[in-house]
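Contents: one structure, followed by commentary.
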Amino acid sequence: MTKFAKNWACPHCGRYQTVTEEDFDSGSIDFYMTKSALGHIRLEGSAACCANPQCKMPMVHVTIGKALIPARGGLRYMAEETLLVDQRMVPNSSAKPQPSFIPGPLLEDYYEACKIRDLSPKASATLSRRCLQGMIRDFCGISKNRLIDEIGELKKLVDQDKAPKGVSDDSVEAINAVRQIGNIGAHMEKDINLIVDVDADEAQTLIELIETLFDEWYVEREKRKKRFGKIKAIADAKKQQKKISHMISPQIEDSSKE
């Protein structure tokens with residue numbers, strides 16, 4: 001059963017909050033099947049409601065596994081090794097809410113990579129690779145036939161200190177690593193009997209890189225834009241005040257001569 005920490009982040013809106021008893025509930029059902037190869041099956045569910053007035057969306061987690069009944073009676077439970085399902089159902093992926101100023105095609109690849117992470121980690125890694133290529137083309141303005149060439153060009157810009165704000169040597173190396181991992185899903189090995197797999201944890205690491213670059217590239221750029229815009233607005237207001245003062249001053253001088 002999912003345990004909620006005091007500082008819980010709503011998966012819908014991203015708001016951190018404390019979950020109280022009235023916002024949380026859990027329950028379980030036992031299915032008695034004497035002929036089942038796994039014996040009795042237990043379903044446990046938990047739900048939490050977001051306290052953010054602008055959200056109020058629920059989060060539902062379900063766990064299904066073999067029901068273990070203590071020999072001397074007592075509460076039934078499930079051992080980790082018997083789990084058949086351990087999944088958040090609502091929302092149905094681990095994607096974090098992202099701002100709307102990030103281009104739609106990038107968000108689509110990101111959300112889909114999150115959604116299929118457990119069902120097909122290899123396909124998820126391929127989508128992460130495509131998302132990062134889209135970021136290089138959109139944010140960095142580099143577009144070539146192959147991703148490896150785009151990464152090479154970006155590396156040159158970083159070395160020459162001409163890369164866009166937020167793009168670092170570390171991020172370029174990480175993107176290149178994703179390219180290599182994503183290639184596993186995008187391109188078949190010459191020896192088709194050679195199977196190189198990607199597990200869900202590895203696919204999640206690639207997703208987290210995308211989230212990091214969303215923050216370091218797009219979110220920080222938007223913050224700078226707003227900060228600079230605010231400063232410009234203040235400067236324009238002061239300039240306007242100065243202009244009005246100059247217009248009023250001659251009128252005051254003329255009136256004093258009368």
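Naming works like this for the structure tokens: A, B, ... for the chains as they're shown, residue 1 at the start of each chain, ligands 1 onward in shown order.
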Can you pull out every residue within 12 Å of Gln54 of chain A, counting only C-alpha atoms, but drop anything in the same chain fewer than 4 positions away, and send it as a compact mmCIF listing (two decimals) with all heavy atoms, in the first residue's frame?
```txt
# COMPACT_ATOMS: atom_id res chain seq x y z
N CYS A 10 1.03 16.81 -5.26
CA CYS A 10 -0.06 16.33 -6.10
C CYS A 10 0.48 16.06 -7.50
O CYS A 10 1.12 16.93 -8.11
CB CYS A 10 -1.16 17.37 -6.16
SG CYS A 10 -2.46 16.97 -7.36
N HIS A 12 -1.12 15.93 -10.17
CA HIS A 12 -1.88 16.67 -11.18
C HIS A 12 -1.38 18.11 -11.32
O HIS A 12 -1.13 18.59 -12.43
CB HIS A 12 -3.37 16.69 -10.83
CG HIS A 12 -4.03 15.35 -10.86
ND1 HIS A 12 -4.42 14.73 -12.04
CD2 HIS A 12 -4.37 14.50 -9.85
CE1 HIS A 12 -4.98 13.56 -11.74
NE2 HIS A 12 -4.96 13.41 -10.44
N CYS A 13 -1.24 18.81 -10.18
CA CYS A 13 -0.88 20.23 -10.23
C CYS A 13 0.53 20.50 -9.73
O CYS A 13 1.05 21.61 -9.89
CB CYS A 13 -1.88 21.07 -9.43
SG CYS A 13 -1.83 20.77 -7.64
N GLY A 14 1.15 19.50 -9.06
CA GLY A 14 2.51 19.67 -8.57
C GLY A 14 2.62 20.41 -7.25
O GLY A 14 3.72 20.61 -6.74
N ARG A 15 1.49 20.81 -6.66
CA ARG A 15 1.50 21.57 -5.40
C ARG A 15 1.87 20.66 -4.22
O ARG A 15 1.28 19.59 -4.03
CB ARG A 15 0.13 22.19 -5.16
CG ARG A 15 -0.01 22.99 -3.87
CD ARG A 15 0.63 24.34 -3.96
NE ARG A 15 -0.01 25.17 -4.97
CZ ARG A 15 -1.08 25.94 -4.72
NH1 ARG A 15 -1.63 25.97 -3.52
NH2 ARG A 15 -1.59 26.69 -5.69
N CYS A 50 -6.28 16.22 -3.70
CA CYS A 50 -5.47 17.44 -3.64
C CYS A 50 -6.23 18.54 -2.89
O CYS A 50 -7.42 18.76 -3.13
CB CYS A 50 -5.11 17.90 -5.05
SG CYS A 50 -4.12 19.41 -5.10
```
Exercise. Segment 136-183 of chain A: which residues are alpha helix (DSSP H) by DSSP, as a PyMOL selection string?
Worked result: chain A and resi 136-139+147-159+169-183
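Using only C-alpha atoms, the contacts of Arg146 of chain A at a cut-off of 12 Å, with sequence neighbours closer than 5 positions omitted, comprise Arg130, Gln133, Gly134, Ile136, Arg137, Ile151, Gly152, Glu153, Arg179 and Asn183 of chain A.
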For this session: With a distance cut-off of 8 Å and only C-alpha atoms, select the neighbouring residues of Pro164 of chain A, excluding the residue or stretch itself and same-chain residues fewer than 3 positions from it, and output the selection as a PyMOL selection string.
Result: chain A and resi 139-140+167
Residues from the last selection, C-alpha atoms, saved as a short mmCIF file (atom, residue, chain, number, x, y, z; two decimals), in the first residue's frame:
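The result, stored in out-v9.cif:
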```
data_model
loop_
_atom_site.label_atom_id
_atom_site.label_comp_id
_atom_site.auth_asym_id
_atom_site.auth_seq_id
_atom_site.Cartn_x
_atom_site.Cartn_y
_atom_site.Cartn_z
CA PHE A 139 15.69 25.76 -27.95
CA CYS A 140 19.18 25.70 -29.49
CA VAL A 167 23.05 24.72 -21.90
#
```
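Excluding segment 202-206 of chain A itself and same-chain residues fewer than 3 positions from it, the residues having an atom within 6 Å of it are A:Pro121, A:Ala125, A:Asp199, A:Leu209, counting only C-alpha atoms.
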Let's have the selection written as a PDB file, in the first residue's frame, with C-alpha atoms.
```
ATOM      1  CA  PRO A 121      10.766   0.950 -21.265  1.00  0.00           C
ATOM      2  CA  ALA A 125      13.583   5.590 -24.063  1.00  0.00           C
ATOM      3  CA  ASP A 199      14.411  -1.443 -17.800  1.00  0.00           C
ATOM      4  CA  LEU A 209      16.820  14.352 -17.614  1.00  0.00           C
TER       5      LEU A 209
END
```
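Distances from A:Arg42, A:Ser168, A:Pro53, A:Leu84 to Leu68 of chain A were compared using only C-alpha atoms, and the smallest one belongs to A:Arg42.
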Backbone DSSP call of strand (DSSP E) for segment 33-229 of chain A, listed as a PDB file with N, CA, C and O atoms, in the first residue's frame:
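Just written: out09.pdb:
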```pdb
ATOM      1  N   ILE A  41      -6.327 -14.035  -3.779  1.00  0.00           N
ATOM      2  CA  ILE A  41      -5.776 -12.780  -4.284  1.00  0.00           C
ATOM      3  C   ILE A  41      -6.294 -11.614  -3.447  1.00  0.00           C
ATOM      4  O   ILE A  41      -7.466 -11.582  -3.061  1.00  0.00           O
ATOM      5  N   ARG A  42      -5.406 -10.679  -3.168  1.00  0.00           N
ATOM      6  CA  ARG A  42      -5.771  -9.506  -2.370  1.00  0.00           C
ATOM      7  C   ARG A  42      -5.579  -8.225  -3.195  1.00  0.00           C
ATOM      8  O   ARG A  42      -4.571  -8.059  -3.887  1.00  0.00           O
ATOM      9  N   LEU A  43      -6.561  -7.352  -3.135  1.00  0.00           N
ATOM     10  CA  LEU A  43      -6.470  -6.041  -3.791  1.00  0.00           C
ATOM     11  C   LEU A  43      -6.485  -4.964  -2.718  1.00  0.00           C
ATOM     12  O   LEU A  43      -7.361  -4.945  -1.853  1.00  0.00           O
ATOM     13  N   GLU A  44      -5.512  -4.090  -2.760  1.00  0.00           N
ATOM     14  CA  GLU A  44      -5.459  -2.965  -1.833  1.00  0.00           C
ATOM     15  C   GLU A  44      -5.458  -1.666  -2.630  1.00  0.00           C
ATOM     16  O   GLU A  44      -4.780  -1.561  -3.660  1.00  0.00           O
ATOM     17  N   GLY A  45      -6.224  -0.706  -2.188  1.00  0.00           N
ATOM     18  CA  GLY A  45      -6.289   0.576  -2.885  1.00  0.00           C
ATOM     19  C   GLY A  45      -6.198   1.734  -1.924  1.00  0.00           C
ATOM     20  O   GLY A  45      -6.593   1.633  -0.759  1.00  0.00           O
ATOM     21  N   SER A  46      -5.644   2.827  -2.393  1.00  0.00           N
ATOM     22  CA  SER A  46      -5.577   4.042  -1.596  1.00  0.00           C
ATOM     23  C   SER A  46      -5.830   5.234  -2.490  1.00  0.00           C
ATOM     24  O   SER A  46      -5.562   5.201  -3.695  1.00  0.00           O
ATOM     25  N   ALA A  47      -6.381   6.290  -1.901  1.00  0.00           N
ATOM     26  CA  ALA A  47      -6.695   7.488  -2.672  1.00  0.00           C
ATOM     27  C   ALA A  47      -6.446   8.719  -1.818  1.00  0.00           C
ATOM     28  O   ALA A  47      -6.671   8.716  -0.607  1.00  0.00           O
ATOM     29  N   ALA A  48      -5.954   9.763  -2.474  1.00  0.00           N
ATOM     30  CA  ALA A  48      -5.732  11.046  -1.809  1.00  0.00           C
ATOM     31  C   ALA A  48      -6.287  12.150  -2.693  1.00  0.00           C
ATOM     32  O   ALA A  48      -6.230  12.068  -3.919  1.00  0.00           O
ATOM     33  N   CYS A  49      -6.835  13.166  -2.069  1.00  0.00           N
ATOM     34  CA  CYS A  49      -7.403  14.287  -2.817  1.00  0.00           C
ATOM     35  C   CYS A  49      -6.538  15.525  -2.618  1.00  0.00           C
ATOM     36  O   CYS A  49      -6.107  15.826  -1.502  1.00  0.00           O
ATOM     37  N   PRO A  58      -8.179  13.741  -7.576  1.00  0.00           N
ATOM     38  CA  PRO A  58      -7.762  12.608  -6.745  1.00  0.00           C
ATOM     39  C   PRO A  58      -6.560  11.874  -7.333  1.00  0.00           C
ATOM     40  O   PRO A  58      -6.291  11.941  -8.532  1.00  0.00           O
ATOM     41  N   MET A  59      -5.831  11.200  -6.465  1.00  0.00           N
ATOM     42  CA  MET A  59      -4.763  10.295  -6.867  1.00  0.00           C
ATOM     43  C   MET A  59      -5.137   8.909  -6.329  1.00  0.00           C
ATOM     44  O   MET A  59      -5.457   8.759  -5.153  1.00  0.00           O
ATOM     45  N   VAL A  60      -5.147   7.902  -7.205  1.00  0.00           N
ATOM     46  CA  VAL A  60      -5.556   6.551  -6.812  1.00  0.00           C
ATOM     47  C   VAL A  60      -4.437   5.564  -7.115  1.00  0.00           C
ATOM     48  O   VAL A  60      -3.912   5.546  -8.235  1.00  0.00           O
ATOM     49  N   HIS A  61      -4.072   4.758  -6.125  1.00  0.00           N
ATOM     50  CA  HIS A  61      -3.018   3.751  -6.277  1.00  0.00           C
ATOM     51  C   HIS A  61      -3.604   2.377  -5.952  1.00  0.00           C
ATOM     52  O   HIS A  61      -4.346   2.222  -4.977  1.00  0.00           O
ATOM     53  N   VAL A  62      -3.275   1.386  -6.784  1.00  0.00           N
ATOM     54  CA  VAL A  62      -3.804   0.029  -6.595  1.00  0.00           C
ATOM     55  C   VAL A  62      -2.655  -0.981  -6.527  1.00  0.00           C
ATOM     56  O   VAL A  62      -1.698  -0.898  -7.300  1.00  0.00           O
ATOM     57  N   THR A  63      -2.770  -1.901  -5.598  1.00  0.00           N
ATOM     58  CA  THR A  63      -1.803  -2.990  -5.453  1.00  0.00           C
ATOM     59  C   THR A  63      -2.558  -4.313  -5.439  1.00  0.00           C
ATOM     60  O   THR A  63      -3.552  -4.456  -4.719  1.00  0.00           O
ATOM     61  N   ILE A  64      -2.110  -5.280  -6.245  1.00  0.00           N
ATOM     62  CA  ILE A  64      -2.740  -6.602  -6.298  1.00  0.00           C
ATOM     63  C   ILE A  64      -1.661  -7.660  -6.143  1.00  0.00           C
ATOM     64  O   ILE A  64      -0.596  -7.581  -6.761  1.00  0.00           O
ATOM     65  N   GLY A  65      -1.932  -8.658  -5.304  1.00  0.00           N
ATOM     66  CA  GLY A  65      -0.953  -9.725  -5.099  1.00  0.00           C
ATOM     67  C   GLY A  65      -1.564 -10.895  -4.368  1.00  0.00           C
ATOM     68  O   GLY A  65      -2.775 -10.920  -4.084  1.00  0.00           O
ATOM     69  N   LYS A  66      -0.741 -11.863  -4.067  1.00  0.00           N
ATOM     70  CA  LYS A  66      -1.204 -13.058  -3.354  1.00  0.00           C
ATOM     71  C   LYS A  66      -1.526 -12.702  -1.905  1.00  0.00           C
ATOM     72  O   LYS A  66      -0.738 -12.050  -1.223  1.00  0.00           O
ATOM     73  N   LEU A  83       3.648  -9.555  -5.645  1.00  0.00           N
ATOM     74  CA  LEU A  83       2.883  -8.496  -6.305  1.00  0.00           C
ATOM     75  C   LEU A  83       2.666  -8.789  -7.789  1.00  0.00           C
ATOM     76  O   LEU A  83       3.592  -9.155  -8.509  1.00  0.00           O
ATOM     77  N   LEU A  84       1.433  -8.622  -8.213  1.00  0.00           N
ATOM     78  CA  LEU A  84       1.079  -8.734  -9.627  1.00  0.00           C
ATOM     79  C   LEU A  84       0.922  -7.347 -10.253  1.00  0.00           C
ATOM     80  O   LEU A  84       1.261  -7.132 -11.411  1.00  0.00           O
ATOM     81  N   VAL A  85       0.392  -6.424  -9.459  1.00  0.00           N
ATOM     82  CA  VAL A  85       0.200  -5.041  -9.901  1.00  0.00           C
ATOM     83  C   VAL A  85       0.556  -4.119  -8.746  1.00  0.00           C
ATOM     84  O   VAL A  85       0.148  -4.345  -7.608  1.00  0.00           O
ATOM     85  N   ASP A  86       1.337  -3.099  -9.034  1.00  0.00           N
ATOM     86  CA  ASP A  86       1.650  -2.053  -8.056  1.00  0.00           C
ATOM     87  C   ASP A  86       1.729  -0.760  -8.853  1.00  0.00           C
ATOM     88  O   ASP A  86       2.788  -0.364  -9.312  1.00  0.00           O
ATOM     89  N   GLN A  87       0.581  -0.120  -9.033  1.00  0.00           N
ATOM     90  CA  GLN A  87       0.507   0.952 -10.027  1.00  0.00           C
ATOM     91  C   GLN A  87      -0.424   2.074  -9.610  1.00  0.00           C
ATOM     92  O   GLN A  87      -1.469   1.844  -9.010  1.00  0.00           O
ATOM     93  N   ARG A  88      -0.004   3.279  -9.936  1.00  0.00           N
ATOM     94  CA  ARG A  88      -0.892   4.421  -9.759  1.00  0.00           C
ATOM     95  C   ARG A  88      -1.845   4.445 -10.941  1.00  0.00           C
ATOM     96  O   ARG A  88      -1.417   4.454 -12.095  1.00  0.00           O
ATOM     97  N   MET A  89      -3.135   4.473 -10.659  1.00  0.00           N
ATOM     98  CA  MET A  89      -4.145   4.413 -11.712  1.00  0.00           C
ATOM     99  C   MET A  89      -4.624   5.794 -12.146  1.00  0.00           C
ATOM    100  O   MET A  89      -4.974   6.006 -13.296  1.00  0.00           O
ATOM    101  N   VAL A  90      -4.676   6.730 -11.197  1.00  0.00           N
ATOM    102  CA  VAL A  90      -5.122   8.098 -11.496  1.00  0.00           C
ATOM    103  C   VAL A  90      -4.184   9.081 -10.805  1.00  0.00           C
ATOM    104  O   VAL A  90      -4.083   9.057  -9.578  1.00  0.00           O
TER     105      VAL A  90
END
```
For this session: For atom CA of Ser93 of chain A and atom CA of Met57 of chain A, quote the distance in Å rounded to one decimal.
Result: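 Atom-to-atom, atom CA of Ser93 of chain A to atom CA of Met57 of chain A, that is 14.5 Å.
If you look at atom CA of Leu213 of chain A and atom CA of Ala51 of chain A, they are 28.7 Å away from each other.
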For this session: Using only C-alpha atoms, determine which residues lie at most 9 Å from Tyr218 of chain A, disregarding the query and same-chain residues fewer than 6 positions distant; provide the list as a ChimeraX atom specification.
Result: /A:101-102,139,166
Output of the above residues as a PDB file, in the first residue's frame, restricted to N, CA and C atoms:
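The new file again_27.pdb reads:
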```
ATOM      1  N   PHE A 101       4.164  27.078 -21.860  1.00  0.00           N
ATOM      2  CA  PHE A 101       5.052  27.745 -22.815  1.00  0.00           C
ATOM      3  C   PHE A 101       6.090  26.794 -23.419  1.00  0.00           C
ATOM      4  N   ILE A 102       6.193  25.563 -22.902  1.00  0.00           N
ATOM      5  CA  ILE A 102       7.034  24.548 -23.540  1.00  0.00           C
ATOM      6  C   ILE A 102       6.279  24.054 -24.770  1.00  0.00           C
ATOM      7  N   PHE A 139      15.051  24.859 -28.911  1.00  0.00           N
ATOM      8  CA  PHE A 139      15.688  25.763 -27.948  1.00  0.00           C
ATOM      9  C   PHE A 139      17.046  26.263 -28.441  1.00  0.00           C
ATOM     10  N   GLY A 166      21.812  28.306 -20.098  1.00  0.00           N
ATOM     11  CA  GLY A 166      21.316  27.075 -19.474  1.00  0.00           C
ATOM     12  C   GLY A 166      21.898  25.812 -20.061  1.00  0.00           C
TER      13      GLY A 166
END
```
Exercise. Atom CA of Lys239 of chain A and atom CA of Arg224 of chain A are how many Å apart?
Worked result: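 Interatomic distance here is 22.3 Å.
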